[in-house]
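*Asks:* Let me give you the structure first, and then I'll get to my questions.
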Amino acid sequence: MYGFSPPSVEHSHQTFMLYYANIPHIHFDPKTHVPLKSSWADVKEKLYYFVYELCVVGAVLSFLSPFDYVPWTVEEKGDGVLLLKEVGSLFRWNHILNNLMGAILFERFLNAMLCGLALISTLSGFLPQDTMKSAIFGSTSPSDFWGRKWNLVIHNVLKRGVFKPVRRYYPKHVASAAAFLASGIFHEWILSGIFTSYKGYNLDKCTPKSCHDPIYGNTLAFFLWNGTLIVLEHTCSHLFVFQWAKRTLPIPIISMMVVSCALPVAHWMTYNYIASDFFQNGEFAFPMILRQV
């Protein structure tokens with residue numbers, strides 16, 4: 001990433017290490033190359049957003065938890081690449097709605113974690129950069145979703161560690177594809193850190209969720225699909241129909257159209273987390289309304 005980071009970050013070895021050691025990344029004064037200091041107003045703002053996100057995630061968990069995070073029944077389950085028995089099942093309304101709820105849960109869960117890290121950074125005296133910006137309901141294109149809204153921490157790392165170095169020698173669409181390939185491999189690696197393979201273990205005390213064996217390859221396929229969407233956007237965004245929609249339609253409608261391009265295969269990303277007890281184990285951290293049995 002060295003050579004592709006902001007000038008203040010590369011001003012010295014100390015500023016470079018300080019920038020990339022902080023999650024989220026922090027702001028620097030472009031003139032003095034000194035990290036900007038947070039104020040008590042910044043602390044109160046980050047605390048407010050953190051508490052707000054805790055409540056929002058708690059509300060989403062309260063709705064989805066009684067359904068094991070799959071509120072609408074999908075009968076056509078399979079173990080292949082699609083995780084469904086037939087391609088047509090990708091476009092059924094219950095599958096699409098389940099994927100939408102999974103995406104919303106994933107966004108809010110991740111945003112709450114990033115807000116907590118931003119609060120810690122602010123309490124440490126640094127001014128953190130933005131991390132998430134209403135990606136699902138506020139994006140105007142696939143590149144806007146991934147490049148300016150969703151998990152900006154990982155976006156910046158991939159941009160400076162993969163996209164810009166590749167872009168130096170190859171066209172933009174090749175650099176975009178390389179970044180999404182790297183992202184897919186990275187998220188596959190995350191699965192190996194979160195889940196343990198239980199093959200060969202005594203499963204007497206296991207449930208399907210507590211001893212979930214992760215399925216690999218689908219997360220990589222999900223990011224490759226979204227990389228394909230980015231390449232298509234670079235190729236077709238100048239067409240009249242897309243320019244007209246961007247000028248005319250409300251942003252929430254445009255955003256739903258953007259998200260719908262990936263919703264049929266969103267379970268490739270969320271399946272391992274929903275099929276396991278990942279979210280159940282995280283429920284204790286959020287204020288929830290529980291159903292009495």
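Residue names in the structure tokens use chain letters A, B, ... in the order shown, residue numbers from 1 in each chain, and ligand numbers from 1 in the order shown.
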Excluding stretch 276-291 of chain A and residues on its chain fewer than 5 positions from it, collect all residues at most 7 Å away from it, counting only C-alpha atoms, and give them as JSON, numbers by chain.
*Replies:* {"A": [54, 55, 57, 58, 59, 61, 62, 209, 210, 212]}
*Asks:* For A:Thr131, please output as number ranges by chain all residues within 7 Å (counting only C-alpha atoms; exclusion window: fewer than 3 positions along the same chain).
*Replies:* A: 24, 114, 151-153
*Asks:* Have a look at A:Lys31, A:His238, A:Arg247, A:Arg108 and name the one nearest to A:Val60; count only C-alpha atoms.
*Replies:*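 Ranking A:Lys31, A:His238, A:Arg247, A:Arg108 by distance to A:Val60, first place goes to A:Arg108.
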*Asks:* Could you write out, as a PyMOL selection string, all the residues of stretch 91-220 of chain A that DSSP marks as alpha helix (DSSP H)?
*Replies:* chain A and resi 93-123+135-138+142-144+152-158+164-167+172-194+218-220
*Asks:* Fewer than 3 positions away in the same chain doesn't count, so skip those; otherwise give me all residues within 12 Å of A:Phe16, counting only C-alpha atoms, as a ChimeraX atom specification.
*Replies:* /A:1-13,19-22,25-26,28,33-35
*Asks:* Contacts between stretch 254-265 of chain A and stretch 100-193 of chain A, please, where a residue of stretch 100-193 of chain A counts if it comes within 8 Å (with only C-alpha atoms); show its shortest atom pair and distance in Å to one decimal, rows by chain and ascending number, as a Markdown table.
*Replies:*
```
| residue | atom | partner | partner_atom | distance |
| --- | --- | --- | --- | --- |
| A:Leu100 | CA | A:Leu263 | CA | 6.5 |
| A:Ile136 | CA | A:Ser255 | CA | 6.5 |
| A:Phe137 | CA | A:Ser255 | CA | 5.4 |
| A:Gly138 | CA | A:Ser255 | CA | 5.7 |
| A:Ser139 | CA | A:Ser255 | CA | 4.8 |
| A:Thr140 | CA | A:Ser255 | CA | 5.5 |
| A:Ser141 | CA | A:Val258 | CA | 5.8 |
| A:Pro142 | CA | A:Val258 | CA | 6.1 |
```
*Asks:* Got a sec: who's within 9 Å of A:Tyr49, counting only C-alpha atoms, leaving out chain neighbours fewer than 4 positions off, as a PyMOL selection string?
*Replies:* chain A and resi 44-45+53-54+112+115-116+119
